[in-house]
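**Q** If it helps, the file is called data05.txt and holds compact mmCIF, C-alpha atoms:
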# COMPACT_ATOMS: atom_id res chain seq x y z
CA ASP Y 1 14.75 -12.78 -15.37
CA ALA Y 2 13.11 -15.92 -14.03
CA SER Y 3 16.23 -16.99 -12.13
CA ARG Y 4 16.13 -13.86 -9.95
CA ALA Y 5 12.44 -12.95 -10.32
CA TYR Y 6 12.99 -9.47 -11.76
CA PHE Y 7 11.44 -7.86 -14.80
CA CYS Y 8 13.89 -6.79 -17.49
CA ALA Y 9 13.94 -4.00 -20.02
CA ARG Y 10 13.81 -5.00 -23.68
CA LYS Y 11 16.16 -3.72 -26.37
CA ARG Y 12 15.03 -2.62 -29.81
CA ASN Y 13 16.12 -5.95 -31.27
CA GLY Y 14 13.93 -7.79 -28.77
CA ASP Y 15 16.70 -9.02 -26.47
CA ALA Y 16 16.17 -8.77 -22.71
CA ASP Y 17 18.33 -6.24 -20.90
CA CYS Y 18 18.45 -7.40 -17.30
CA PRO Y 19 20.26 -5.33 -14.66
CA LEU Y 20 23.10 -7.00 -12.79
CA VAL Y 21 22.31 -4.97 -9.64
CA PRO Y 22 18.53 -4.77 -9.02
CA ILE Y 23 18.76 -1.73 -6.69
CA GLU Y 24 20.78 0.31 -9.19
CA TYR Y 25 19.09 3.28 -10.87
CA ASN Y 26 19.83 3.24 -14.59
CA THR Y 27 18.24 3.90 -17.98
CA ARG Y 28 16.39 0.59 -18.06
CA PHE Y 29 13.60 1.88 -15.82
CA VAL Y 30 11.94 5.28 -15.53
CA GLU Y 31 12.43 6.78 -12.04
CA GLY Y 32 13.03 3.42 -10.47
CA ASN Y 33 15.01 0.22 -10.41
CA ALA Y 34 14.36 -3.46 -11.04
CA LEU Y 35 13.54 -4.10 -7.39
CA GLN Y 36 10.84 -1.41 -7.38
CA TYR Y 37 9.40 -2.37 -10.75
CA ARG Y 38 9.07 -5.97 -9.59
CA TRP Y 39 5.90 -4.80 -7.81
CA TYR Y 40 4.51 -2.72 -10.66
CA VAL Y 41 1.77 -5.21 -11.51
CA PRO Y 42 -1.17 -3.61 -9.67
CA HIS Y 43 -3.67 -4.89 -12.24
CA ASP Y 44 -2.82 -8.57 -11.66
CA VAL Y 45 -1.53 -9.17 -8.15
CA PRO Y 46 -2.63 -12.85 -8.10
CA GLY Y 47 -0.59 -13.35 -11.28
CA LEU Y 48 2.44 -11.75 -9.61
CA VAL Y 49 1.98 -13.94 -6.54
CA ALA Y 50 2.09 -17.03 -8.74
CA LEU Y 51 5.05 -15.69 -10.74
CA LEU Y 52 7.09 -15.14 -7.59
CA GLY Y 53 6.46 -18.64 -6.29
CA GLY Y 54 3.29 -18.48 -4.21
CA ASN Y 55 1.88 -16.78 -1.14
CA ASP Y 56 4.71 -17.34 1.34
CA THR Y 57 7.46 -16.20 -1.03
CA PHE Y 58 5.44 -13.21 -2.18
CA VAL Y 59 4.80 -12.03 1.38
CA ALA Y 60 8.43 -12.56 2.43
CA LEU Y 61 9.84 -10.68 -0.57
CA LEU Y 62 7.38 -7.81 -0.23
CA ASP Y 63 7.93 -7.52 3.51
CA GLU Y 64 11.71 -7.40 3.05
CA PHE Y 65 11.35 -4.84 0.25
CA ILE Y 66 9.45 -2.42 2.50
CA GLU Y 67 11.34 -3.24 5.71
CA ARG Y 68 14.71 -2.47 4.12
CA SER Y 69 13.47 0.97 3.06
CA TYR Y 70 13.36 2.11 6.70
CA ASP Y 71 17.16 1.81 6.82
CA ASP Y 72 17.42 4.96 4.71
CA PRO Y 73 16.95 8.01 6.98
CA PHE Y 74 16.60 10.48 4.10
CA ASN Y 75 13.03 11.24 3.14
CA VAL Y 76 13.28 13.14 -0.14
CA LEU Y 77 15.98 11.20 -2.02
CA PRO Y 78 15.33 8.05 -4.05
CA ASN Y 79 15.24 4.98 -1.83
CA PRO Y 80 16.81 1.86 -3.38
CA PHE Y 81 14.08 -0.27 -1.79
CA TYR Y 82 10.45 0.83 -1.32
CA TRP Y 83 10.36 4.47 -2.41
CA ALA Y 84 7.39 6.11 -0.72
CA GLY Y 85 7.85 9.22 -2.83
CA ASN Y 86 7.30 7.82 -6.31
CA GLU Y 87 4.49 6.17 -8.24
CA PRO Y 88 5.95 2.89 -9.63
CA ASP Y 89 5.85 1.17 -6.22
CA ILE Y 90 3.50 3.44 -4.26
CA GLN Y 91 0.83 0.73 -4.05
CA ALA Y 92 3.19 -1.97 -2.75
CA PRO Y 93 2.30 -1.78 0.99
CA TRP Y 94 -1.34 -2.49 0.10
CA MET Y 95 -0.55 -5.61 -1.92
CA PHE Y 96 -0.40 -7.93 1.12
CA ASN Y 97 -4.22 -7.75 1.16
CA HIS Y 98 -4.27 -10.01 -1.89
CA VAL Y 99 -2.87 -12.92 0.13
CA ALA Y 100 -5.29 -14.51 2.58
CA GLY Y 101 -4.14 -14.00 6.16
CA ALA Y 102 -1.47 -11.40 5.32
CA ALA Y 103 -3.46 -8.16 5.69
CA HIS Y 104 -1.77 -7.41 9.01
CA HIS Y 105 1.41 -6.66 7.05
CA THR Y 106 -0.44 -3.94 5.13
CA GLN Y 107 -1.82 -2.56 8.37
CA HIS Y 108 1.63 -2.42 9.96
CA HIS Y 109 3.54 -0.95 7.03
CA VAL Y 110 0.93 1.59 5.97
CA ARG Y 111 0.71 2.95 9.51
CA ARG Y 112 4.50 3.02 9.89
CA LEU Y 113 4.93 4.82 6.56
CA VAL Y 114 2.27 7.38 7.44
CA LEU Y 115 4.04 8.18 10.71
CA SER Y 116 7.65 8.00 9.47
CA ARG Y 117 7.55 9.41 5.92
CA TYR Y 118 5.05 12.24 6.35
CA SER Y 119 5.14 15.22 8.70
CA ALA Y 120 4.64 18.98 8.89
CA SER Y 121 8.37 19.63 8.43
CA PRO Y 122 9.97 20.98 5.21
CA ASP Y 123 10.72 17.41 4.10
CA GLY Y 124 7.31 16.17 5.22
CA ILE Y 125 6.39 14.64 1.84
CA PRO Y 126 8.75 11.88 0.62
CA GLY Y 127 9.05 13.21 -2.93
CA ASN Y 128 7.40 15.35 -5.58
CA ASP Y 129 3.69 15.52 -4.80
CA ASP Y 130 2.91 15.11 -8.52
CA TYR Y 131 -0.43 16.93 -8.65
CA GLY Y 132 -1.37 15.67 -5.19
CA THR Y 133 -0.53 11.99 -5.62
CA LEU Y 134 1.45 11.65 -2.39
CA SER Y 135 -1.02 13.81 -0.47
CA ALA Y 136 -3.83 11.55 -1.73
CA TRP Y 137 -1.87 8.44 -0.68
CA LEU Y 138 -1.48 9.92 2.79
CA LEU Y 139 -5.11 10.96 3.18
CA LEU Y 140 -6.49 7.63 1.96
CA SER Y 141 -4.04 5.69 4.11
CA MET Y 142 -5.05 7.71 7.17
CA LEU Y 143 -8.67 6.80 6.40
CA GLY Y 144 -7.80 3.11 6.01
CA VAL Y 145 -8.84 2.73 2.37
CA TYR Y 146 -6.96 2.57 -0.93
CA PRO Y 147 -8.28 2.13 -4.50
CA GLN Y 148 -7.41 -1.01 -6.41
CA HIS Y 149 -6.19 -0.58 -9.98
CA GLY Y 150 -8.64 -1.69 -12.66
CA SER Y 151 -11.20 -2.61 -10.03
CA SER Y 152 -14.24 -1.24 -8.22
CA ARG Y 153 -12.82 -2.43 -4.89
CA TRP Y 154 -11.03 -0.56 -2.13
CA ALA Y 155 -8.36 -2.25 -0.03
CA LEU Y 156 -8.73 -1.80 3.72
CA SER Y 157 -6.26 -1.05 6.49
CA SER Y 158 -6.40 0.56 9.92
CA PRO Y 159 -7.54 4.20 9.97
CA LEU Y 160 -5.53 6.73 11.93
CA PHE Y 161 -8.63 8.76 12.79
CA ALA Y 162 -11.18 7.62 15.35
CA ASN Y 163 -13.94 9.37 13.43
CA ALA Y 164 -13.99 10.89 9.94
CA THR Y 165 -16.86 11.94 7.67
CA LEU Y 166 -16.60 12.26 3.91
CA VAL Y 167 -19.09 13.70 1.44
CA VAL Y 168 -18.77 11.19 -1.40
CA ASP Y 169 -21.57 12.40 -3.67
CA ASP Y 170 -22.62 16.05 -3.61
CA ALA Y 171 -25.61 15.48 -5.84
CA ARG Y 172 -27.14 12.91 -3.49
CA ASN Y 173 -25.68 14.40 -0.31
CA THR Y 174 -24.16 10.97 0.28
CA VAL Y 175 -21.78 10.72 3.22
CA LEU Y 176 -19.43 8.03 4.50
CA HIS Y 177 -18.57 7.83 8.17
CA VAL Y 178 -15.29 6.04 8.93
CA LEU Y 179 -15.23 4.96 12.56
CA ALA Y 180 -12.45 3.23 14.49
CA ASP Y 181 -13.12 1.56 17.82
CA ARG Y 182 -9.87 1.76 19.81
CA SER Y 183 -11.26 0.56 23.14
CA ALA Y 184 -9.22 -2.67 23.03
CA CYS Y 185 -5.92 -0.84 22.52
CA ALA Y 186 -3.41 -0.18 25.25
CA ASP Y 187 -0.78 1.00 22.75
CA ALA Y 188 -1.26 4.39 21.10
CA THR Y 189 -0.27 2.91 17.73
CA CYS Y 190 -3.35 0.68 17.62
CA GLU Y 191 -2.58 -0.37 14.06
CA TYR Y 192 -4.23 -3.74 13.54
CA VAL Y 193 -7.79 -4.45 12.39
CA HIS Y 194 -9.62 -7.18 14.28
CA ALA Y 195 -12.98 -6.67 12.58
CA ALA Y 196 -14.69 -4.41 10.08
CA THR Y 197 -18.21 -3.82 8.80
CA ILE Y 198 -19.79 -1.74 6.05
CA ASN Y 199 -23.30 -0.59 6.89
CA GLY Y 200 -23.48 -3.41 9.45
CA ALA Y 201 -22.37 -6.18 7.07
CA ALA Y 202 -19.22 -8.02 8.14
CA ILE Y 203 -16.06 -7.80 6.01
CA ASP Y 204 -13.75 -10.82 5.98
CA MET Y 205 -10.47 -9.16 6.98
CA HIS Y 206 -8.59 -12.46 6.61
CA ALA Y 207 -9.62 -13.76 3.20
CA ALA Y 208 -10.87 -10.62 1.46
CA PRO Y 209 -9.95 -7.32 3.21
CA PHE Y 210 -11.66 -5.22 0.54
CA VAL Y 211 -14.93 -3.35 0.10
CA GLU Y 212 -16.80 -2.61 -3.11
CA HIS Y 213 -17.24 1.05 -3.97
CA ALA Y 214 -20.97 0.47 -4.43
CA ALA Y 215 -21.22 -0.56 -0.77
CA LEU Y 216 -19.58 2.68 0.37
CA VAL Y 217 -22.24 4.76 -1.36
CA ALA Y 218 -25.23 2.41 -1.11
CA ASN Y 219 -27.20 4.70 1.21
CA VAL Y 220 -27.42 8.41 1.85
CA VAL Y 221 -25.56 7.79 5.12
CA ASN Y 222 -22.99 4.98 5.12
CA THR Y 223 -20.70 3.69 7.86
CA LEU Y 224 -17.40 1.87 7.55
CA HIS Y 225 -16.59 0.63 11.04
CA PHE Y 226 -13.30 -0.83 12.26
CA VAL Y 227 -12.39 -2.54 15.52
CA LEU Y 228 -8.67 -2.02 16.16
CA ALA Y 229 -6.15 -3.77 18.40
CA ASP Y 230 -2.49 -3.69 19.38
CA LYS Y 231 -1.67 -7.12 17.95
CA PRO Y 232 -2.46 -8.64 14.57
CA ASN Y 233 -5.53 -10.81 14.29
CA LYS Y 234 -3.95 -13.72 12.46
CA PRO Y 235 -6.10 -16.62 11.21
Take the structure I supplied and represent it as structure tokens, if you would.

**A**
Amino acid sequence: DASRAYFCARKRNGDADCPLVPIEYNTRFVEGNALQYRWYVPHDVPGLVALLGGNDTFVALLDEFIERSYDDPFNVLPNPFYWAGNEPDIQAPWMFNHVAGAAHHTQHHVRRLVLSRYSASPDGIPGNDDYGTLSAWLLLSMLGVYPQHGSSRWALSSPLFANATLVVDDARNTVLHVLADRSACADATCEYVHAATINGAAIDMHAAPFVEHAALVANVVNTLHFVLADKPNKP
């Protein structure tokens, strides 16, 4: 539906079946609504940016989509906006990275979702874990990395841990150290990335806040280093 920028279901006869209320759950979409499926284009985010009218509109719509989800205090029921507990829109907070200068939105929302939607309480996972999908989202988000669909790149955000070590290749005994320098932070949240390097090589956190998988495993010992701050490092 180009007039409202929502994807529509298609009937057997080929006609579009567009929902009148985009936040309504109905039979047009599987475990989701039109608002959530708007963002289900992980394989072509630049194409979605163009379809929605460009960088500014994309960022504003995505920010509103996630921001409105915090209004719902219930953690395990379907959220009419960003639903942290289901796969169709699970990648949405990471999509800001595809717009130059907007990565601070990813850093803010990923950290806020980690702290508000996950806990050690009985409702500490915001939905069915689906063979570990939500647990994996949490772990990767806490490390500050997230895989990009159909790509060899990882999107970057601010890690929650000051120091983490992963064995990424048992056969080669390859390890990845994820380090976060928090010395510039006065606030405990410390959610924004001011600089990042992989094995000493600078990563452009404004234009291209991503790292190739090959760079993460280039050596036997690899280091992904972040410098964090309390305020976003806007261009």

**Q** In Å to one decimal, how far is CA of Asn55 in chain Y from CA of Ser116 in chain Y?

**A** 27.6 Å

**Q** Can you find the residues with an atom no farther than 12 Å from (-9.2, -1.0, -3.6), counting all atoms listed in the file, and report them as a PyMOL selection string?

**A** chain Y and resi 42-43+91+94-95+97-98+140-141+144-157+208-214+216

**Q** Can you list, as an MDAnalysis selection string, every protein, DNA or RNA residue that comes within 6 Å of range 186-196 of chain Y when you count all atoms listed in the file, leaving out same-chain residues fewer than 2 positions away?

**A** chainID Y and resid 107 158 203 225:230 232:233

**Q** Could you check which of Y:Asn13, Y:Asn26, Y:Gln36, Y:Asn128 is closest to Phe65 in chain Y, using all atoms listed in the file?

**A**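 Checking each candidate against Phe65 in chain Y, we get Y:Gln36 as the closest.
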
**Q** Name the closest residue to Tyr131 in chain Y among the candidates Y:Ile66, Y:Glu87, Y:Val99, Y:Val30; distances are taken between atoms, counting only C-alpha atoms.

**A**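 Between Y:Ile66, Y:Glu87, Y:Val99, Y:Val30, the residue approaching Tyr131 in chain Y most closely is Y:Glu87.
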
**Q** Select all residues near (4.9, -13.4, -7.3) (cut-off 10 Å, inclusive, file coordinates), counting only C-alpha atoms, and output them as an MDAnalysis selection string.

**A** chainID Y and resid 5 38:39 41 45:59 61:62

**Q** Using only C-alpha atoms, which of the listed residues (Y:Phe81, Y:Phe74, Y:Thr223, Y:Ile90) sits closest to Thr133 in chain Y?

**A**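 Nearest candidate to Thr133 in chain Y out of Y:Phe81, Y:Phe74, Y:Thr223, Y:Ile90: Y:Ile90.
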
**Q** Using CA of Leu166 in chain Y and CA of Ala218 in chain Y as the two end points, give the distance in Å to one decimal.

**A**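 Answer for the CA of Leu166 in chain Y to CA of Ala218 in chain Y separation: 14.0 Å.
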